[in-house]
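Just below is one structure, and these are the notes that go with it.
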Amino acid sequence: MRLARLSALLISVALAGPVFAQSPTVTPPLSAAPKDDGQWTMPAKNFANTRYSELNEINLSNVANLRPEFTFSLGVNRGQESPAVMAGNTLYMVSPYPNTLYALDLTKPGAPMKWRYDPKPEQASQGVACCDVVNRGPTVADGKVFMSTLDGSIIAVDAEKGTMIWRTKIADINMGETVTMAPFVAKGKVFVGNSGGEYGVRGWIQALDANTGKPVWKAFSTGPDKEVLIGPDFKPFYDADKGKDLGISTWPPDAWKHGGGTVWGWVAYDPDLNLLYNGVGNPGPWNSAQRPGDNKWTNSVFARDIDTGQARWAYQATPHDLFDWDGINESILLDITWKGQPRKVLVRPERNGHLYVIDRATGEVLSAEAYAYTNTTTGVDLKTGRLQRVGDKEPSVGKVLRDVCPTAPGAKDWNPSSFSSSTGLLYIPHNNLCMDWESQETNYIAGTPFVGAEVRMKPGPGGHMGEVTAWNILEGKPAWVIKERFPVWSGALSTAGDLVFYGDMEGWFKAVNAKTGEVVWQFKTGSGIIGQPTTYRGPDGRQYVAILSGVGGWSGAIVSGDLDPRDGTAALGFVNAMRDLKNATTAGGMLYVFRLP
Amino acid sequence: MCSGSLKALMAACAMGALLGACQREERDQRPSPVASETREQVALTTNSAGPSPPEIRVSGKGAKYEASAYDQSQGKKYYAWFNCNGCHSNGGGGSGPPLMDDRWIYGGSIENIVQTIREGRPNGMPSFRGKIPDEQIWQIAAYVRSMSGNTSSDSAPQRNDSMHPHPSESRTPPSPPVNGGTVAPSPSR
């Protein structure tokens with residue numbers, strides 16, 4: 001009964017084209033998304049970032065019977081953005097600060113703790129975490145678990161014994177740097193970048209040797225070509241991205257030194273092209289009047305030689321950012337047939353509200369359709385690659401600009417989408433928010449915020465704040481859309497059982513019909529969900545689905561940080577939209593793992 | 001109030017301005033230099049060894065700042081200049097805890113707040129020692145007190161220069177400090 005009522009409330013199916021037809025013309029490259037072995041060893045499942053599992057024991061016909069098999073408390077009631085990652089017979093996850101790494105033994109009833117590793121990050125790092133003290137999870141490779149700590153250490157831990165193998169400090173909290181991203185491990189290297197785009201840091205991504213932790217290469221996002229690792233191999237597709245030292249000349253003098261461009265999101269890797277893809281975060285400060293110019297290479301995506309870090313191409317999706325539209329979202333690697341031609345592409349739901357389909361060999365933008373409501377840009381000029389802005393939606397210092405959509409967290413923030421090989425659709429969990437914005441002059445003081453904007457967010461058109469959109473990549477339009485009361489801040493998972501899993505900020509963990517968006521099962525967990533669902537085949541041969549429950553993150557900071565709802569500008573303006581969250585959920589930190597009876 | 005003919009209006013308003021000018025608050029023309037700092041002997045808890053509460057010895061100078069509109073408006077300006085708002089927003093909190101509510105981890109008296117700003121606090125509050133002159137720390141602390149309505153409403157700031165985040169400090173109902181704010185989890189040992 002209850003289920004039926006809720007579904008009726010939340011579902012709205014935007015009828016658009018043939019929804020289900022298998023889409024053989026869209027497939028992830030086998031080298032980046034190998035055949036499923038039943039494990040889930042890295043947050044995005046594979047190098048292609050599909051978050052799709054071929055397991056189908058749990059499917060449309062039986063999902064109604066899904067029930068919790070075991071739970072585990074992480075002991076920290078802050079935003080839980082880590083996935084439960086599975087390798088061998090063990091489940092791994094990282095708590096928010098203090099970043100405890102847990103290993104659970106799946107061979108025993110109730111999955112008892114095998115070991116825990118406490119990295120003991122510096123306490124003070126909590127103050128320089130812009131948006132709750134989150135961690136986006138561990139990655140397992142070659143018998144090691146790789147994790148990052150809020151205060152900027154990357155650590156390799158023995159996957160069996162739980163002992164530290166190496167620990168490398170790569171970020172400095174006194175400069176406002178932290179690390180929240182999940183290490184990305186490929187070809188014997190660990191790739192990580194810094195967070196701190198709201199603290200005037202200079203962003204970078206670096207590669208460490210997976211065996212020793214020794215730095216191999218480091219590429220800054222701003223500054224001279226030499227330090228951005230732009231050399232003779234660099235062949236961007238668009239003229240706007242060509243020229244010498246654009247990382248300096250597109251800024252006022254020296255502004256690039258505190259200009260942000262952090263790398264805290266998702267990385268992809270194409271073994272055939274030997275290219276690594278990383279997105280780059282927002283420029284600092286948010287006040288765009290303090291940094292005239294395109295501000296390269298903020299809000300860009302880079303293709304780099306994985307061995308040397310040398311850039312092959314780059315594309316700046318949002319030049320001269322006005323609204324904190326980081327370009328750190330996931331790139332999903334797919335091979336498609338586009339206008340009759342086979343194309344190797346990457347697909348990116350950008351914060352600016354457009355779904356970019358980009359040729360991943362050349363950097364050419366094939367299409368960029370809006371997947372969420374926007375009144376600030378009208379699209380992308382495919383000849384120049386330039387984002388087309390709406391003229392009167394430009395902030396100026398001391399003036400309140402009203403009804404800007406999407407908002408600072410973008411049409412979609414960090415929480416990753418999933419591409420299903422069985423439906424051929426991309427499932428995008430995202431926001432439906434607008435905001436009022438006022439730019440202000442701000443001073444750079446190392447280790448303190450460098451923002452310069454007052455923001456007040458509010459629900460977008462329709463009054464709901466979250467959406468899950470099933471996107472048809474070739475047609476460039478949605479197959480269906482689910483509306484959610486709060487922003488959807490959890491990742492998505494799709495399976496060969498024709499199911500899509502995600503969680504809402506009230507705590508419901510849901511399975512929906514991948515073809516129609518109908519909610520077919522849901523379970524109310526203890527706290528709001530902002531994590532990354534995963535699925536795996538246990539040692540008993542059965543399929544399990546795992547999710548961490550524990551509200552927080554930027555959108556949930558009002559609950560996890562116990563903020564005062566009277567101040568709409570709190571949590572960089574998110575509190576204005578989230579006042580009701582305190583009445584809907586409380587803080588938590590619990591793993592839930594489900595199975596069929 | 002200033003109704004009637006234009007002349008009368010101008011006269012009345014000029015009079016008002018004059019009167020206001022006569023009653024100007026006194027202020028120190030030469031605040032103490034950066035290096036000097038006031039030392040107030042405050043406690044962070046309400047219990048002490050022995051039957052009586054902790055001994056607190058304060059100079060009492062805090063009262064002057066809490067009664068001064070000038071100091072609180074200066075404090076409001078410095079609060080933004082030194083990027084306090086980046087972590088605490090307009091009092092509602094962000095990476096730092098809310099400052100407009102009644103709950104205090106490290107004490108809500110003006111002397112406690114002066115110490116918090118100068119020394120920093122372990123879970124991420126930076127130390128501003130040597131970065132903000134003593135006088136300005138007191139002014140900021142007085143402004144922080146006004147956020148929770150704990151300075152007199154006729155001295156608390158009455159308007160915002162920027163986007164309206166909440167009713168002005170002068171209209172915030174007083175919420176006397178209660179010990180026991182949110183303390184972040186500490187790493188297990």
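Each chain in the structure tokens gets a letter, A, B and so on, in the order shown; residues start at 1 in every chain, and ligands are counted from 1 in the order they appear.
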
Select from chain B every residue with an atom at most 6 Å from any atom of chain A, then for each give the shortest pair of atoms and their distance in Å to one decimal, using only C-alpha atoms, rows by chain and rising number, as CSV.
residue,atom,partner,partner_atom,distance
B:Gly86,CA,A:Pro449,CA,5.0
B:Ser89,CA,A:Ala570,CA,5.0
B:Gly92,CA,A:Asp564,CA,4.4
B:Gly93,CA,A:Ala570,CA,5.3
B:Gly94,CA,A:Ala571,CA,4.2
B:Ser95,CA,A:Gly127,CA,5.6
B:Pro98,CA,A:Leu563,CA,5.6
B:Pro122,CA,A:Ala124,CA,5.7
B:Asn123,CA,A:Ala124,CA,4.8
B:Gly124,CA,A:Gly127,CA,3.6
B:Met125,CA,A:Gly127,CA,6.0
B:Pro165,CA,A:Gly568,CA,5.4
B:His166,CA,A:Asp567,CA,5.5
B:Pro187,CA,A:Pro98,CA,5.2

I need the strand (DSSP E) residues of segment 347-459 of chain A per DSSP on the backbone, written as a VMD selection string. chain A and resid 347 to 349 354 to 359 365 to 370 377 to 381 386 to 389 400 to 404 418 to 419 426 to 431 433 to 439 453 to 459

Residue neighbourhood Pro319 of chain A, 9 Å, only C-alpha atoms, exclusion window fewer than 2 positions, as JSON, numbers by chain: {"A": [293, 294, 295, 296, 297, 298, 299, 300, 316, 317, 321, 322, 386, 387]}

Preceding selection exported with N, CA, C and O atoms as a PDB file, in the first residue's frame:
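Below is the file that was written, selection_19.pdb:
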ATOM      1  N   GLY A 293      38.753  36.849 -17.443  1.00  0.00           N
ATOM      2  CA  GLY A 293      39.476  35.894 -18.281  1.00  0.00           C
ATOM      3  C   GLY A 293      38.804  34.537 -18.252  1.00  0.00           C
ATOM      4  O   GLY A 293      37.859  34.318 -17.496  1.00  0.00           O
ATOM      5  N   ASP A 294      39.306  33.623 -19.076  1.00  0.00           N
ATOM      6  CA  ASP A 294      38.711  32.286 -19.143  1.00  0.00           C
ATOM      7  C   ASP A 294      39.090  31.396 -17.960  1.00  0.00           C
ATOM      8  O   ASP A 294      38.483  30.360 -17.728  1.00  0.00           O
ATOM      9  N   ASN A 295      40.169  31.765 -17.245  1.00  0.00           N
ATOM     10  CA  ASN A 295      40.603  31.022 -16.058  1.00  0.00           C
ATOM     11  C   ASN A 295      40.908  29.567 -16.361  1.00  0.00           C
ATOM     12  O   ASN A 295      40.354  28.644 -15.750  1.00  0.00           O
ATOM     13  N   LYS A 296      41.792  29.355 -17.317  1.00  0.00           N
ATOM     14  CA  LYS A 296      42.165  27.974 -17.635  1.00  0.00           C
ATOM     15  C   LYS A 296      43.114  27.432 -16.578  1.00  0.00           C
ATOM     16  O   LYS A 296      43.854  28.165 -15.972  1.00  0.00           O
ATOM     17  N   TRP A 297      43.041  26.142 -16.342  1.00  0.00           N
ATOM     18  CA  TRP A 297      42.188  25.124 -16.949  1.00  0.00           C
ATOM     19  C   TRP A 297      41.108  24.665 -15.981  1.00  0.00           C
ATOM     20  O   TRP A 297      40.863  23.469 -15.827  1.00  0.00           O
ATOM     21  N   THR A 298      40.471  25.658 -15.337  1.00  0.00           N
ATOM     22  CA  THR A 298      39.392  25.280 -14.426  1.00  0.00           C
ATOM     23  C   THR A 298      38.189  24.805 -15.249  1.00  0.00           C
ATOM     24  O   THR A 298      38.036  25.187 -16.414  1.00  0.00           O
ATOM     25  N   ASN A 299      37.351  23.979 -14.632  1.00  0.00           N
ATOM     26  CA  ASN A 299      36.128  23.467 -15.269  1.00  0.00           C
ATOM     27  C   ASN A 299      36.392  22.851 -16.641  1.00  0.00           C
ATOM     28  O   ASN A 299      35.642  23.081 -17.586  1.00  0.00           O
ATOM     29  N   SER A 300      37.475  22.116 -16.729  1.00  0.00           N
ATOM     30  CA  SER A 300      37.877  21.492 -17.994  1.00  0.00           C
ATOM     31  C   SER A 300      37.961  19.990 -17.811  1.00  0.00           C
ATOM     32  O   SER A 300      37.913  19.488 -16.692  1.00  0.00           O
ATOM     33  N   GLN A 316      37.597  23.061 -22.189  1.00  0.00           N
ATOM     34  CA  GLN A 316      37.042  23.814 -21.067  1.00  0.00           C
ATOM     35  C   GLN A 316      35.532  23.972 -21.257  1.00  0.00           C
ATOM     36  O   GLN A 316      35.081  24.763 -22.086  1.00  0.00           O
ATOM     37  N   ALA A 317      34.778  23.209 -20.480  1.00  0.00           N
ATOM     38  CA  ALA A 317      33.316  23.221 -20.639  1.00  0.00           C
ATOM     39  C   ALA A 317      32.721  24.541 -20.164  1.00  0.00           C
ATOM     40  O   ALA A 317      31.813  25.074 -20.791  1.00  0.00           O
ATOM     41  N   ASP A 321      34.044  30.711 -15.142  1.00  0.00           N
ATOM     42  CA  ASP A 321      32.921  30.236 -14.332  1.00  0.00           C
ATOM     43  C   ASP A 321      32.295  31.366 -13.514  1.00  0.00           C
ATOM     44  O   ASP A 321      32.997  32.140 -12.873  1.00  0.00           O
ATOM     45  N   LEU A 322      30.975  31.438 -13.540  1.00  0.00           N
ATOM     46  CA  LEU A 322      30.272  32.449 -12.751  1.00  0.00           C
ATOM     47  C   LEU A 322      29.672  31.865 -11.477  1.00  0.00           C
ATOM     48  O   LEU A 322      29.374  32.579 -10.539  1.00  0.00           O
ATOM     49  N   ARG A 386      32.099  26.648 -27.440  1.00  0.00           N
ATOM     50  CA  ARG A 386      31.839  27.646 -26.406  1.00  0.00           C
ATOM     51  C   ARG A 386      30.447  27.489 -25.789  1.00  0.00           C
ATOM     52  O   ARG A 386      29.449  27.360 -26.506  1.00  0.00           O
ATOM     53  N   LEU A 387      30.397  27.527 -24.456  1.00  0.00           N
ATOM     54  CA  LEU A 387      29.124  27.534 -23.742  1.00  0.00           C
ATOM     55  C   LEU A 387      28.425  28.858 -24.012  1.00  0.00           C
ATOM     56  O   LEU A 387      29.037  29.925 -23.905  1.00  0.00           O
TER      57      LEU A 387
END

Find the residues around Ala496 of chain A up to 9 Å (only C-alpha atoms counted), leave out those fewer than 4 positions away in its own chain, and share them as a list in words. Tyr52, Ser53, Glu54, Leu55, Asn56, Glu57, Ile58, Asn59, Ser420, Ser421, Ser422 and Thr423 of chain A

Restricted to N, CA and C atoms, what would the selected residues look like written as an mmCIF file, in the first residue's frame?
data_model
loop_
_atom_site.group_PDB
_atom_site.id
_atom_site.type_symbol
_atom_site.label_atom_id
_atom_site.label_comp_id
_atom_site.auth_asym_id
_atom_site.auth_seq_id
_atom_site.Cartn_x
_atom_site.Cartn_y
_atom_site.Cartn_z
ATOM 1 N N TYR A 52 27.833 -0.573 -13.637
ATOM 2 C CA TYR A 52 26.834 -1.533 -14.093
ATOM 3 C C TYR A 52 27.331 -2.930 -13.760
ATOM 4 N N SER A 53 26.432 -3.760 -13.215
ATOM 5 C CA SER A 53 26.786 -5.132 -12.888
ATOM 6 C C SER A 53 26.000 -6.096 -13.750
ATOM 7 N N GLU A 54 26.692 -7.143 -14.220
ATOM 8 C CA GLU A 54 26.022 -8.160 -15.027
ATOM 9 C C GLU A 54 25.257 -9.159 -14.166
ATOM 10 N N LEU A 55 25.370 -9.051 -12.844
ATOM 11 C CA LEU A 55 24.638 -9.970 -11.973
ATOM 12 C C LEU A 55 23.141 -9.734 -12.143
ATOM 13 N N ASN A 56 22.384 -10.850 -12.184
ATOM 14 C CA ASN A 56 20.936 -10.700 -12.389
ATOM 15 C C ASN A 56 20.107 -11.642 -11.525
ATOM 16 N N GLU A 57 20.741 -12.176 -10.456
ATOM 17 C CA GLU A 57 19.944 -12.996 -9.535
ATOM 18 C C GLU A 57 18.811 -12.138 -8.952
ATOM 19 N N ILE A 58 19.155 -10.907 -8.591
ATOM 20 C CA ILE A 58 18.123 -9.970 -8.140
ATOM 21 C C ILE A 58 17.613 -9.247 -9.381
ATOM 22 N N ASN A 59 16.323 -9.396 -9.662
ATOM 23 C CA ASN A 59 15.794 -8.793 -10.883
ATOM 24 C C ASN A 59 14.348 -8.345 -10.675
ATOM 25 N N SER A 420 23.766 1.516 -18.112
ATOM 26 C CA SER A 420 23.350 0.120 -18.171
ATOM 27 C C SER A 420 23.548 -0.447 -19.562
ATOM 28 N N SER A 421 24.315 -1.520 -19.641
ATOM 29 C CA SER A 421 24.506 -2.179 -20.932
ATOM 30 C C SER A 421 23.242 -2.900 -21.371
ATOM 31 N N SER A 422 22.341 -3.217 -20.428
ATOM 32 C CA SER A 422 21.139 -3.924 -20.867
ATOM 33 C C SER A 422 20.066 -2.989 -21.408
ATOM 34 N N THR A 423 19.947 -1.755 -20.877
ATOM 35 C CA THR A 423 18.953 -0.838 -21.440
ATOM 36 C C THR A 423 19.588 0.182 -22.379
#

Env of Val144 of chain B: 12 Å cut, atoms = only C-alpha atoms, seq-sep filter 2 positions within chain, self excluded. Answer as a PyMOL selection string. chain B and resi 65-66+71-80+84-85+88-92+98-102+104+108-114+116-117+137-142+146-151+156-157+169+177

Contacts of Val500 of chain A at 8 Å or less, counting only C-alpha atoms, minus same-chain residues fewer than 4 places along, as a ChimeraX atom specification? /A:427,492-495,511-514

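We find atom CA of Lys515 of chain A and atom CA of Val26 of chain A to be spaced 16.0 Å apart.
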
Contacts of Val58 of chain B within 8 Å, only C-alpha atoms, excl. fewer than 5 positions in-chain, as a list of chain:residue names: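 Listed by chain and then number, they are B:Glu40, B:Gln41, B:Val42, B:Glu111.
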
As a check of understanding: the span from atom CA of Gly213 of chain A to atom CA of Met181 of chain A is 16.7 Å

Grab the atom CA of Ala207 of chain A to atom CA of Gly265 of chain A distance for me, in Å with one decimal place. 14.9 Å
